[in-house]
>>> print(open('protein-v1.txt').read())   # compact mmCIF, N, CA and C atoms and all ligand atoms
# COMPACT_ATOMS: atom_id res chain seq x y z
N MET A 1 11.27 -12.69 1.91
CA MET A 1 10.59 -11.39 1.94
C MET A 1 11.16 -10.53 3.06
N THR A 2 11.05 -9.25 2.91
CA THR A 2 11.63 -8.33 3.85
C THR A 2 10.66 -7.94 4.95
N GLY A 3 9.37 -8.25 4.78
CA GLY A 3 8.39 -7.84 5.76
C GLY A 3 7.87 -6.44 5.52
N VAL A 4 8.26 -5.83 4.44
CA VAL A 4 7.76 -4.50 4.13
C VAL A 4 6.54 -4.63 3.24
N GLY A 5 5.45 -4.12 3.70
CA GLY A 5 4.22 -4.17 2.90
C GLY A 5 3.54 -5.49 3.06
N PRO A 6 2.28 -5.54 2.70
CA PRO A 6 1.53 -6.78 2.79
C PRO A 6 1.99 -7.75 1.71
N VAL A 7 1.63 -9.01 1.87
CA VAL A 7 1.94 -9.99 0.85
C VAL A 7 1.26 -9.58 -0.44
N LEU A 8 1.97 -9.70 -1.54
CA LEU A 8 1.36 -9.34 -2.82
C LEU A 8 0.26 -10.34 -3.15
N ARG A 9 -0.82 -9.82 -3.67
CA ARG A 9 -1.95 -10.67 -4.03
C ARG A 9 -2.21 -10.55 -5.51
N PHE A 10 -2.68 -11.64 -6.06
CA PHE A 10 -2.94 -11.65 -7.49
C PHE A 10 -4.39 -12.03 -7.74
N CYS A 11 -4.92 -11.44 -8.78
CA CYS A 11 -6.32 -11.65 -9.14
C CYS A 11 -6.54 -13.10 -9.58
N PRO A 12 -7.54 -13.78 -8.97
CA PRO A 12 -7.81 -15.16 -9.37
C PRO A 12 -8.42 -15.23 -10.78
N GLU A 13 -8.95 -14.12 -11.27
CA GLU A 13 -9.56 -14.11 -12.59
C GLU A 13 -8.53 -13.86 -13.68
N SER A 14 -7.72 -12.83 -13.51
CA SER A 14 -6.84 -12.41 -14.60
C SER A 14 -5.36 -12.47 -14.24
N ASN A 15 -5.07 -12.87 -12.98
CA ASN A 15 -3.68 -13.00 -12.55
C ASN A 15 -2.93 -11.69 -12.47
N ASP A 16 -3.62 -10.58 -12.48
CA ASP A 16 -2.95 -9.29 -12.33
C ASP A 16 -2.71 -9.00 -10.86
N LEU A 17 -1.74 -8.13 -10.62
CA LEU A 17 -1.46 -7.71 -9.25
C LEU A 17 -2.67 -6.94 -8.71
N LEU A 18 -3.06 -7.30 -7.49
CA LEU A 18 -4.15 -6.56 -6.85
C LEU A 18 -3.56 -5.39 -6.07
N TYR A 19 -4.23 -4.27 -6.15
CA TYR A 19 -3.76 -3.07 -5.48
C TYR A 19 -4.61 -2.79 -4.25
N PRO A 20 -3.96 -2.35 -3.16
CA PRO A 20 -4.75 -1.99 -2.00
C PRO A 20 -5.42 -0.64 -2.22
N ARG A 21 -6.60 -0.50 -1.71
CA ARG A 21 -7.33 0.75 -1.86
C ARG A 21 -8.29 0.85 -0.70
N GLU A 22 -8.54 2.06 -0.27
CA GLU A 22 -9.48 2.25 0.81
C GLU A 22 -10.88 2.34 0.23
N ASP A 23 -11.76 1.46 0.73
CA ASP A 23 -13.16 1.57 0.36
C ASP A 23 -13.76 2.62 1.28
N LYS A 24 -13.95 3.82 0.73
CA LYS A 24 -14.30 4.95 1.59
C LYS A 24 -15.70 4.80 2.19
N GLU A 25 -16.60 4.13 1.48
CA GLU A 25 -17.95 3.95 2.02
C GLU A 25 -17.94 3.02 3.22
N ARG A 26 -17.22 1.93 3.10
CA ARG A 26 -17.22 0.95 4.19
C ARG A 26 -16.06 1.15 5.15
N LYS A 27 -15.17 2.10 4.81
CA LYS A 27 -13.99 2.38 5.64
C LYS A 27 -13.19 1.10 5.89
N LYS A 28 -12.95 0.37 4.83
CA LYS A 28 -12.16 -0.85 4.93
C LYS A 28 -11.10 -0.84 3.86
N LEU A 29 -10.04 -1.57 4.10
CA LEU A 29 -9.03 -1.72 3.06
C LEU A 29 -9.42 -2.91 2.18
N VAL A 30 -9.38 -2.70 0.89
CA VAL A 30 -9.69 -3.79 -0.04
C VAL A 30 -8.55 -3.90 -1.05
N TYR A 31 -8.49 -5.05 -1.69
CA TYR A 31 -7.59 -5.24 -2.82
C TYR A 31 -8.44 -5.27 -4.08
N PHE A 32 -7.98 -4.60 -5.11
CA PHE A 32 -8.78 -4.62 -6.32
C PHE A 32 -7.90 -4.85 -7.54
N CYS A 33 -8.53 -5.39 -8.59
CA CYS A 33 -7.85 -5.67 -9.85
C CYS A 33 -8.21 -4.59 -10.84
N ARG A 34 -7.19 -4.03 -11.49
CA ARG A 34 -7.46 -2.93 -12.41
C ARG A 34 -7.91 -3.45 -13.77
N SER A 35 -7.74 -4.75 -14.01
CA SER A 35 -8.11 -5.28 -15.32
C SER A 35 -9.57 -5.70 -15.38
N CYS A 36 -10.03 -6.36 -14.32
CA CYS A 36 -11.38 -6.95 -14.42
C CYS A 36 -12.28 -6.55 -13.27
N GLN A 37 -11.89 -5.60 -12.47
CA GLN A 37 -12.75 -5.09 -11.37
C GLN A 37 -12.94 -6.09 -10.25
N TYR A 38 -12.19 -7.18 -10.26
CA TYR A 38 -12.26 -8.10 -9.13
C TYR A 38 -11.84 -7.34 -7.87
N GLN A 39 -12.50 -7.65 -6.75
CA GLN A 39 -12.18 -6.95 -5.51
C GLN A 39 -12.37 -7.90 -4.34
N GLU A 40 -11.49 -7.79 -3.37
CA GLU A 40 -11.69 -8.58 -2.16
C GLU A 40 -11.26 -7.77 -0.95
N ASP A 41 -11.84 -8.09 0.20
CA ASP A 41 -11.47 -7.39 1.42
C ASP A 41 -10.09 -7.83 1.87
N ALA A 42 -9.31 -6.88 2.36
CA ALA A 42 -8.05 -7.25 2.98
C ALA A 42 -8.36 -7.96 4.29
N ASP A 43 -7.60 -8.98 4.59
CA ASP A 43 -7.82 -9.73 5.82
C ASP A 43 -7.24 -8.95 6.99
N PRO A 44 -8.09 -8.50 7.91
CA PRO A 44 -7.57 -7.69 9.02
C PRO A 44 -6.54 -8.44 9.84
N LYS A 45 -6.67 -9.78 9.91
CA LYS A 45 -5.72 -10.57 10.69
C LYS A 45 -4.33 -10.49 10.09
N GLU A 46 -4.30 -10.52 8.79
CA GLU A 46 -3.02 -10.43 8.11
C GLU A 46 -2.32 -9.11 8.44
N TRP A 47 -3.10 -8.06 8.47
CA TRP A 47 -2.51 -6.76 8.78
C TRP A 47 -2.02 -6.71 10.21
N CYS A 48 -2.74 -7.42 11.11
CA CYS A 48 -2.31 -7.47 12.50
C CYS A 48 -0.98 -8.20 12.62
N VAL A 49 -0.89 -9.33 11.94
CA VAL A 49 0.33 -10.12 11.98
C VAL A 49 1.50 -9.28 11.48
N TYR A 50 1.25 -8.64 10.37
CA TYR A 50 2.30 -7.80 9.80
C TYR A 50 2.74 -6.74 10.79
N ARG A 51 1.76 -6.15 11.43
CA ARG A 51 2.06 -5.08 12.37
C ARG A 51 2.93 -5.58 13.52
N ASN A 52 2.58 -6.78 14.02
CA ASN A 52 3.38 -7.33 15.11
C ASN A 52 4.81 -7.61 14.67
N GLU A 53 4.92 -8.08 13.44
CA GLU A 53 6.25 -8.42 12.94
C GLU A 53 7.18 -7.21 12.88
N VAL A 54 6.65 -6.10 12.45
CA VAL A 54 7.52 -4.95 12.23
C VAL A 54 7.67 -4.07 13.46
N GLN A 55 6.85 -4.36 14.46
CA GLN A 55 6.82 -3.47 15.60
C GLN A 55 8.19 -3.26 16.25
N HIS A 56 8.99 -4.31 16.28
CA HIS A 56 10.24 -4.21 17.02
C HIS A 56 11.45 -4.06 16.12
N THR A 57 11.23 -3.71 14.88
CA THR A 57 12.36 -3.53 13.99
C THR A 57 12.49 -2.07 13.62
N SER A 58 13.65 -1.71 13.15
CA SER A 58 13.84 -0.34 12.70
C SER A 58 13.68 -0.25 11.19
N ARG A 59 13.46 -1.40 10.58
CA ARG A 59 13.32 -1.46 9.12
C ARG A 59 12.25 -0.47 8.63
N GLU A 60 11.14 -0.47 9.34
CA GLU A 60 10.01 0.38 8.94
C GLU A 60 10.44 1.84 8.89
N LYS A 61 11.18 2.26 9.89
CA LYS A 61 11.61 3.66 9.92
C LYS A 61 12.52 3.97 8.75
N SER A 62 13.41 3.03 8.46
CA SER A 62 14.35 3.31 7.37
C SER A 62 13.61 3.35 6.04
N VAL A 63 12.57 2.52 5.90
CA VAL A 63 11.80 2.56 4.67
C VAL A 63 11.08 3.89 4.54
N VAL A 64 10.57 4.37 5.65
CA VAL A 64 9.84 5.62 5.61
C VAL A 64 10.77 6.76 5.21
N LEU A 65 12.04 6.64 5.60
CA LEU A 65 12.96 7.74 5.33
C LEU A 65 13.66 7.64 3.97
N GLN A 66 13.87 6.41 3.51
CA GLN A 66 14.66 6.30 2.28
C GLN A 66 13.84 6.62 1.05
N ASP A 67 14.51 6.82 -0.06
CA ASP A 67 13.82 7.06 -1.31
C ASP A 67 13.35 5.71 -1.84
N VAL A 68 12.06 5.46 -1.75
CA VAL A 68 11.53 4.15 -2.10
C VAL A 68 11.26 4.00 -3.59
N ARG A 69 11.41 5.07 -4.33
CA ARG A 69 11.02 5.01 -5.74
C ARG A 69 11.86 4.03 -6.54
N SER A 70 13.09 3.81 -6.08
CA SER A 70 13.98 2.93 -6.82
C SER A 70 13.97 1.50 -6.28
N ASP A 71 13.14 1.25 -5.28
CA ASP A 71 13.08 -0.08 -4.70
C ASP A 71 12.19 -0.98 -5.56
N PRO A 72 12.79 -1.96 -6.24
CA PRO A 72 12.01 -2.79 -7.16
C PRO A 72 11.09 -3.77 -6.45
N THR A 73 11.25 -3.94 -5.14
CA THR A 73 10.41 -4.89 -4.43
C THR A 73 9.07 -4.28 -4.05
N LEU A 74 8.96 -2.99 -4.19
CA LEU A 74 7.71 -2.36 -3.79
C LEU A 74 6.75 -2.25 -4.96
N PRO A 75 5.48 -2.52 -4.71
CA PRO A 75 4.49 -2.44 -5.79
C PRO A 75 4.18 -1.00 -6.18
N ARG A 76 3.71 -0.86 -7.39
CA ARG A 76 3.36 0.47 -7.90
C ARG A 76 1.89 0.51 -8.26
N THR A 77 1.36 1.69 -8.23
CA THR A 77 -0.03 1.86 -8.64
C THR A 77 -0.16 3.07 -9.54
N ARG A 78 -1.11 2.98 -10.46
CA ARG A 78 -1.43 4.14 -11.28
C ARG A 78 -2.83 4.64 -10.94
N ASP A 79 -3.29 4.25 -9.78
CA ASP A 79 -4.65 4.58 -9.39
C ASP A 79 -4.68 5.76 -8.40
N VAL A 80 -3.61 6.51 -8.38
CA VAL A 80 -3.53 7.61 -7.42
C VAL A 80 -3.22 8.91 -8.16
N ARG A 81 -3.26 9.99 -7.45
CA ARG A 81 -2.87 11.27 -8.02
C ARG A 81 -2.01 12.00 -6.99
N CYS A 82 -0.81 12.34 -7.39
CA CYS A 82 0.11 13.03 -6.48
C CYS A 82 -0.45 14.41 -6.15
N PRO A 83 -0.57 14.73 -4.85
CA PRO A 83 -1.08 16.05 -4.47
C PRO A 83 -0.16 17.19 -4.90
N GLU A 84 1.10 16.87 -5.18
CA GLU A 84 2.06 17.91 -5.54
C GLU A 84 2.09 18.19 -7.04
N CYS A 85 2.22 17.13 -7.82
CA CYS A 85 2.46 17.34 -9.25
C CYS A 85 1.42 16.66 -10.13
N ALA A 86 0.42 16.02 -9.53
CA ALA A 86 -0.69 15.40 -10.26
C ALA A 86 -0.26 14.20 -11.10
N ASN A 87 0.97 13.73 -10.92
CA ASN A 87 1.39 12.49 -11.56
C ASN A 87 0.57 11.35 -10.98
N ASN A 88 0.26 10.34 -11.82
CA ASN A 88 -0.62 9.29 -11.31
C ASN A 88 0.08 7.96 -11.08
N GLU A 89 1.39 7.95 -11.04
CA GLU A 89 2.07 6.70 -10.71
C GLU A 89 2.84 6.87 -9.42
N ALA A 90 2.62 5.93 -8.52
CA ALA A 90 3.29 6.02 -7.22
C ALA A 90 3.66 4.63 -6.72
N VAL A 91 4.73 4.58 -5.94
CA VAL A 91 5.10 3.37 -5.21
C VAL A 91 4.32 3.39 -3.91
N PHE A 92 3.88 2.23 -3.45
CA PHE A 92 3.19 2.25 -2.16
C PHE A 92 3.74 1.18 -1.23
N PHE A 93 3.60 1.45 0.05
CA PHE A 93 4.04 0.51 1.07
C PHE A 93 3.30 0.85 2.36
N THR A 94 3.31 -0.09 3.28
CA THR A 94 2.60 0.14 4.53
C THR A 94 3.58 0.23 5.68
N SER A 95 3.15 0.86 6.72
CA SER A 95 3.97 0.98 7.90
C SER A 95 3.06 1.15 9.10
N SER A 96 3.47 0.62 10.24
CA SER A 96 2.65 0.83 11.42
C SER A 96 3.12 2.10 12.13
N THR A 97 2.17 2.91 12.49
CA THR A 97 2.48 4.15 13.21
C THR A 97 1.66 4.16 14.48
N GLU A 98 1.79 5.21 15.25
CA GLU A 98 1.01 5.30 16.48
C GLU A 98 -0.48 5.32 16.18
N GLU A 99 -0.84 5.84 15.02
CA GLU A 99 -2.26 5.92 14.67
C GLU A 99 -2.79 4.59 14.15
N GLY A 100 -1.91 3.64 13.84
CA GLY A 100 -2.35 2.37 13.28
C GLY A 100 -1.64 2.09 11.98
N MET A 101 -2.25 1.19 11.22
CA MET A 101 -1.67 0.79 9.95
C MET A 101 -1.83 1.92 8.93
N THR A 102 -0.75 2.27 8.29
CA THR A 102 -0.81 3.38 7.36
C THR A 102 -0.30 2.97 6.00
N LEU A 103 -1.00 3.40 4.99
CA LEU A 103 -0.60 3.14 3.61
C LEU A 103 0.09 4.40 3.10
N TYR A 104 1.34 4.23 2.67
CA TYR A 104 2.09 5.37 2.16
C TYR A 104 2.20 5.29 0.64
N PHE A 105 2.15 6.43 0.02
CA PHE A 105 2.42 6.52 -1.41
C PHE A 105 3.62 7.44 -1.61
N SER A 106 4.45 7.10 -2.59
CA SER A 106 5.55 7.98 -2.94
C SER A 106 5.49 8.20 -4.44
N CYS A 107 5.34 9.44 -4.85
CA CYS A 107 5.18 9.80 -6.25
C CYS A 107 6.41 9.39 -7.05
N CYS A 108 6.20 8.69 -8.17
CA CYS A 108 7.33 8.26 -9.00
C CYS A 108 7.97 9.43 -9.74
N SER A 109 7.26 10.51 -9.84
CA SER A 109 7.78 11.64 -10.59
C SER A 109 8.58 12.59 -9.70
N CYS A 110 7.94 13.10 -8.65
CA CYS A 110 8.61 14.14 -7.86
C CYS A 110 9.05 13.63 -6.50
N GLY A 111 8.67 12.39 -6.12
CA GLY A 111 9.11 11.85 -4.86
C GLY A 111 8.28 12.31 -3.67
N HIS A 112 7.30 13.14 -3.93
CA HIS A 112 6.43 13.57 -2.82
C HIS A 112 5.79 12.36 -2.16
N ARG A 113 5.67 12.42 -0.87
CA ARG A 113 5.13 11.28 -0.14
C ARG A 113 3.88 11.70 0.62
N TRP A 114 2.88 10.87 0.54
CA TRP A 114 1.67 11.15 1.32
C TRP A 114 1.11 9.84 1.83
N ARG A 115 0.12 9.89 2.66
CA ARG A 115 -0.36 8.64 3.24
C ARG A 115 -1.87 8.61 3.37
N ASP A 116 -2.33 7.39 3.51
CA ASP A 116 -3.74 7.09 3.64
C ASP A 116 -3.87 6.28 4.91
N TYR A 117 -4.77 6.64 5.77
CA TYR A 117 -4.96 5.83 6.96
C TYR A 117 -5.82 4.63 6.63
N VAL A 118 -5.37 3.47 7.07
CA VAL A 118 -6.10 2.24 6.79
C VAL A 118 -7.14 2.04 7.89
ZN ZN B 1 -8.41 -9.39 -12.71
ZN ZN B 2 4.49 14.10 -7.63
>>> encode(input="protein-v1.txt", output="structure tokens", more="lines below")
Ligand SMILES: [Zn+2]
Ligand SMILES: [Zn+2]
Amino acid sequence: MTGVGPVLRFCPESNDLLYPREDKERKKLVYFCRSCQYQEDADPKEWCVYRNEVQHTSREKSVVLQDVRSDPTLPRTRDVRCPECANNEAVFFTSSTEEGMTLYFSCCSCGHRWRDYV
């Protein structure tokens, strides 16, 4: 693995890829299954470990700058809406910034990039 993004998780019920999403009520990051509504909390420790790992590399910066839409290692979600073109498919990845762990989305259609604070 390259260390970009959290470890992929799969639904124990249906084996589908779980997508990260912000639970706005509880202000927590959760993983959810789009097939059966299974949901689990993201482990904060895991995010800390990840953050420490990438802190001293430049990989994160290059990911933030490069066009990630063609990167097959990055997961995709259809649970978003691009603020630019309203397309609902985006590639997502995480990166540590001065503000903390950040979830980035990159629109598969127009390449617009936006982020969600974790
Ligand atoms: Zn499922
Ligand atoms: Zn777009």
>>> atom_distance(input="protein-v1.txt", atom1="atom C of A:Ser106", atom2="atom N of A:Ala86")
10.6 Å
>>> closest_residue(input="protein-v1.txt", among="A:Cys110, A:Leu103, A:Leu74, A:Cys11", to="ligand ZN 2 (chain B)", atoms="only N, CA and C atoms and all ligand atoms")
A:Cys110
>>> closest_atom_pairs(input="protein-v1.txt", of="chain A", to="ligand ZN 2 (chain B)", cutoff="7 Å", atoms="all atoms listed in the file", output="JSON lines")
{"residue": "A:Arg81", "atom": "C", "partner": "B:ZN2", "partner_atom": "ZN", "distance": 6.9}
{"residue": "A:Cys82", "atom": "CA", "partner": "B:ZN2", "partner_atom": "ZN", "distance": 4.7}
{"residue": "A:Pro83", "atom": "N", "partner": "B:ZN2", "partner_atom": "ZN", "distance": 5.8}
{"residue": "A:Glu84", "atom": "C", "partner": "B:ZN2", "partner_atom": "ZN", "distance": 4.8}
{"residue": "A:Cys85", "atom": "N", "partner": "B:ZN2", "partner_atom": "ZN", "distance": 3.8}
{"residue": "A:Ala86", "atom": "N", "partner": "B:ZN2", "partner_atom": "ZN", "distance": 4.9}
{"residue": "A:Asn87", "atom": "N", "partner": "B:ZN2", "partner_atom": "ZN", "distance": 4.8}
{"residue": "A:Ser106", "atom": "C", "partner": "B:ZN2", "partner_atom": "ZN", "distance": 6.8}
{"residue": "A:Cys107", "atom": "CA", "partner": "B:ZN2", "partner_atom": "ZN", "distance": 4.6}
{"residue": "A:Cys108", "atom": "N", "partner": "B:ZN2", "partner_atom": "ZN", "distance": 5.7}
{"residue": "A:Ser109", "atom": "C", "partner": "B:ZN2", "partner_atom": "ZN", "distance": 4.8}
{"residue": "A:Cys110", "atom": "N", "partner": "B:ZN2", "partner_atom": "ZN", "distance": 3.7}
{"residue": "A:Gly111", "atom": "N", "partner": "B:ZN2", "partner_atom": "ZN", "distance": 4.8}
{"residue": "A:His112", "atom": "N", "partner": "B:ZN2", "partner_atom": "ZN", "distance": 4.7}
>>> closest_atom_pairs(input="protein-v1.txt", of="chain A", to="ligand ZN 1 (chain B)", cutoff="7 Å", atoms="all atoms listed in the file", output="JSON lines")
{"residue": "A:Phe10", "atom": "C", "partner": "B:ZN1", "partner_atom": "ZN", "distance": 6.9}
{"residue": "A:Cys11", "atom": "CA", "partner": "B:ZN1", "partner_atom": "ZN", "distance": 4.7}
{"residue": "A:Pro12", "atom": "N", "partner": "B:ZN1", "partner_atom": "ZN", "distance": 5.8}
{"residue": "A:Glu13", "atom": "C", "partner": "B:ZN1", "partner_atom": "ZN", "distance": 4.6}
{"residue": "A:Ser14", "atom": "N", "partner": "B:ZN1", "partner_atom": "ZN", "distance": 3.6}
{"residue": "A:Asn15", "atom": "N", "partner": "B:ZN1", "partner_atom": "ZN", "distance": 4.8}
{"residue": "A:Asp16", "atom": "N", "partner": "B:ZN1", "partner_atom": "ZN", "distance": 4.9}
{"residue": "A:Phe32", "atom": "C", "partner": "B:ZN1", "partner_atom": "ZN", "distance": 6.9}
{"residue": "A:Cys33", "atom": "CA", "partner": "B:ZN1", "partner_atom": "ZN", "distance": 4.7}
{"residue": "A:Arg34", "atom": "N", "partner": "B:ZN1", "partner_atom": "ZN", "distance": 5.6}
{"residue": "A:Ser35", "atom": "C", "partner": "B:ZN1", "partner_atom": "ZN", "distance": 4.7}
{"residue": "A:Cys36", "atom": "N", "partner": "B:ZN1", "partner_atom": "ZN", "distance": 3.8}
{"residue": "A:Gln37", "atom": "N", "partner": "B:ZN1", "partner_atom": "ZN", "distance": 5.2}
{"residue": "A:Tyr38", "atom": "N", "partner": "B:ZN1", "partner_atom": "ZN", "distance": 5.0}
>>> atom_distance(input="protein-v1.txt", atom1="atom C of A:Asp41", atom2="atom C of A:Leu29")
5.0 Å
>>> closest_residue(input="protein-v1.txt", among="A:Met101, A:Ala42, A:Leu18, A:Val91", to="A:Thr73", atoms="only C-alpha atoms")
A:Val91
>>> atom_distance(input="protein-v1.txt", atom1="atom N of A:Leu17", atom2="atom N of A:Ser96")
23.2 Å
>>> closest_residue(input="protein-v1.txt", among="A:Glu40, A:Asp67, A:Asp116, A:Glu22", to="A:Thr102", atoms="all atoms listed in the file")
A:Asp116
>>> build_atoms(input="protein-v1.txt", residues="stretch 79-88 of chain A", atoms="all heavy atoms", output="PDB file, in the coordinates of the input")
ATOM      1  N   ASP A  79      -3.290   4.250  -9.780  1.00  0.00           N
ATOM      2  CA  ASP A  79      -4.650   4.580  -9.390  1.00  0.00           C
ATOM      3  C   ASP A  79      -4.680   5.760  -8.400  1.00  0.00           C
ATOM      4  O   ASP A  79      -5.621   5.938  -7.662  1.00  0.00           O
ATOM      5  CB  ASP A  79      -5.301   3.343  -8.749  1.00  0.00           C
ATOM      6  CG  ASP A  79      -6.808   3.493  -8.620  1.00  0.00           C
ATOM      7  OD1 ASP A  79      -7.445   3.810  -9.636  1.00  0.00           O
ATOM      8  OD2 ASP A  79      -7.324   3.318  -7.510  1.00  0.00           O
ATOM      9  N   VAL A  80      -3.610   6.510  -8.380  1.00  0.00           N
ATOM     10  CA  VAL A  80      -3.530   7.610  -7.420  1.00  0.00           C
ATOM     11  C   VAL A  80      -3.220   8.910  -8.160  1.00  0.00           C
ATOM     12  O   VAL A  80      -2.920   8.895  -9.355  1.00  0.00           O
ATOM     13  CB  VAL A  80      -2.415   7.358  -6.375  1.00  0.00           C
ATOM     14  CG1 VAL A  80      -2.761   6.167  -5.518  1.00  0.00           C
ATOM     15  CG2 VAL A  80      -1.072   7.184  -7.058  1.00  0.00           C
ATOM     16  N   ARG A  81      -3.260   9.990  -7.450  1.00  0.00           N
ATOM     17  CA  ARG A  81      -2.870  11.270  -8.020  1.00  0.00           C
ATOM     18  C   ARG A  81      -2.010  12.000  -6.990  1.00  0.00           C
ATOM     19  O   ARG A  81      -2.432  12.219  -5.870  1.00  0.00           O
ATOM     20  CB  ARG A  81      -4.105  12.103  -8.366  1.00  0.00           C
ATOM     21  CG  ARG A  81      -3.775  13.444  -8.998  1.00  0.00           C
ATOM     22  CD  ARG A  81      -5.015  14.065  -9.580  1.00  0.00           C
ATOM     23  NE  ARG A  81      -5.412  13.397 -10.825  1.00  0.00           N
ATOM     24  CZ  ARG A  81      -5.085  13.852 -12.039  1.00  0.00           C
ATOM     25  NH1 ARG A  81      -4.368  14.949 -12.168  1.00  0.00           N
ATOM     26  NH2 ARG A  81      -5.472  13.213 -13.110  1.00  0.00           N
ATOM     27  N   CYS A  82      -0.810  12.340  -7.390  1.00  0.00           N
ATOM     28  CA  CYS A  82       0.110  13.030  -6.480  1.00  0.00           C
ATOM     29  C   CYS A  82      -0.450  14.410  -6.150  1.00  0.00           C
ATOM     30  O   CYS A  82      -0.793  15.173  -7.043  1.00  0.00           O
ATOM     31  CB  CYS A  82       1.478  13.165  -7.129  1.00  0.00           C
ATOM     32  SG  CYS A  82       2.610  14.191  -6.172  1.00  0.00           S
ATOM     33  N   PRO A  83      -0.570  14.730  -4.850  1.00  0.00           N
ATOM     34  CA  PRO A  83      -1.080  16.050  -4.470  1.00  0.00           C
ATOM     35  C   PRO A  83      -0.160  17.190  -4.900  1.00  0.00           C
ATOM     36  O   PRO A  83      -0.587  18.328  -4.972  1.00  0.00           O
ATOM     37  CB  PRO A  83      -1.198  15.986  -2.947  1.00  0.00           C
ATOM     38  CG  PRO A  83      -0.779  14.637  -2.533  1.00  0.00           C
ATOM     39  CD  PRO A  83      -0.239  13.882  -3.708  1.00  0.00           C
ATOM     40  N   GLU A  84       1.100  16.870  -5.180  1.00  0.00           N
ATOM     41  CA  GLU A  84       2.060  17.910  -5.540  1.00  0.00           C
ATOM     42  C   GLU A  84       2.090  18.190  -7.040  1.00  0.00           C
ATOM     43  O   GLU A  84       2.026  19.328  -7.479  1.00  0.00           O
ATOM     44  CB  GLU A  84       3.472  17.501  -5.087  1.00  0.00           C
ATOM     45  CG  GLU A  84       3.697  17.611  -3.603  1.00  0.00           C
ATOM     46  CD  GLU A  84       3.654  19.045  -3.101  1.00  0.00           C
ATOM     47  OE1 GLU A  84       4.305  19.894  -3.720  1.00  0.00           O
ATOM     48  OE2 GLU A  84       2.945  19.299  -2.116  1.00  0.00           O
ATOM     49  N   CYS A  85       2.220  17.130  -7.820  1.00  0.00           N
ATOM     50  CA  CYS A  85       2.460  17.340  -9.250  1.00  0.00           C
ATOM     51  C   CYS A  85       1.420  16.660 -10.130  1.00  0.00           C
ATOM     52  O   CYS A  85       1.513  16.711 -11.347  1.00  0.00           O
ATOM     53  CB  CYS A  85       3.866  16.868  -9.636  1.00  0.00           C
ATOM     54  SG  CYS A  85       4.041  15.065  -9.645  1.00  0.00           S
ATOM     55  N   ALA A  86       0.420  16.020  -9.530  1.00  0.00           N
ATOM     56  CA  ALA A  86      -0.690  15.400 -10.260  1.00  0.00           C
ATOM     57  C   ALA A  86      -0.260  14.200 -11.100  1.00  0.00           C
ATOM     58  O   ALA A  86      -1.031  13.677 -11.889  1.00  0.00           O
ATOM     59  CB  ALA A  86      -1.427  16.416 -11.136  1.00  0.00           C
ATOM     60  N   ASN A  87       0.970  13.730 -10.920  1.00  0.00           N
ATOM     61  CA  ASN A  87       1.390  12.490 -11.560  1.00  0.00           C
ATOM     62  C   ASN A  87       0.570  11.350 -10.980  1.00  0.00           C
ATOM     63  O   ASN A  87       0.214  11.354  -9.808  1.00  0.00           O
ATOM     64  CB  ASN A  87       2.888  12.266 -11.279  1.00  0.00           C
ATOM     65  CG  ASN A  87       3.407  11.003 -11.927  1.00  0.00           C
ATOM     66  OD1 ASN A  87       3.241  10.806 -13.117  1.00  0.00           O
ATOM     67  ND2 ASN A  87       4.045  10.160 -11.141  1.00  0.00           N
ATOM     68  N   ASN A  88       0.260  10.340 -11.820  1.00  0.00           N
ATOM     69  CA  ASN A  88      -0.620   9.290 -11.310  1.00  0.00           C
ATOM     70  C   ASN A  88       0.080   7.960 -11.080  1.00  0.00           C
ATOM     71  O   ASN A  88      -0.574   6.940 -10.936  1.00  0.00           O
ATOM     72  CB  ASN A  88      -1.838   9.116 -12.213  1.00  0.00           C
ATOM     73  CG  ASN A  88      -1.465   8.519 -13.556  1.00  0.00           C
ATOM     74  OD1 ASN A  88      -0.278   8.418 -13.864  1.00  0.00           O
ATOM     75  ND2 ASN A  88      -2.430   8.125 -14.344  1.00  0.00           N
TER      76      ASN A  88
END
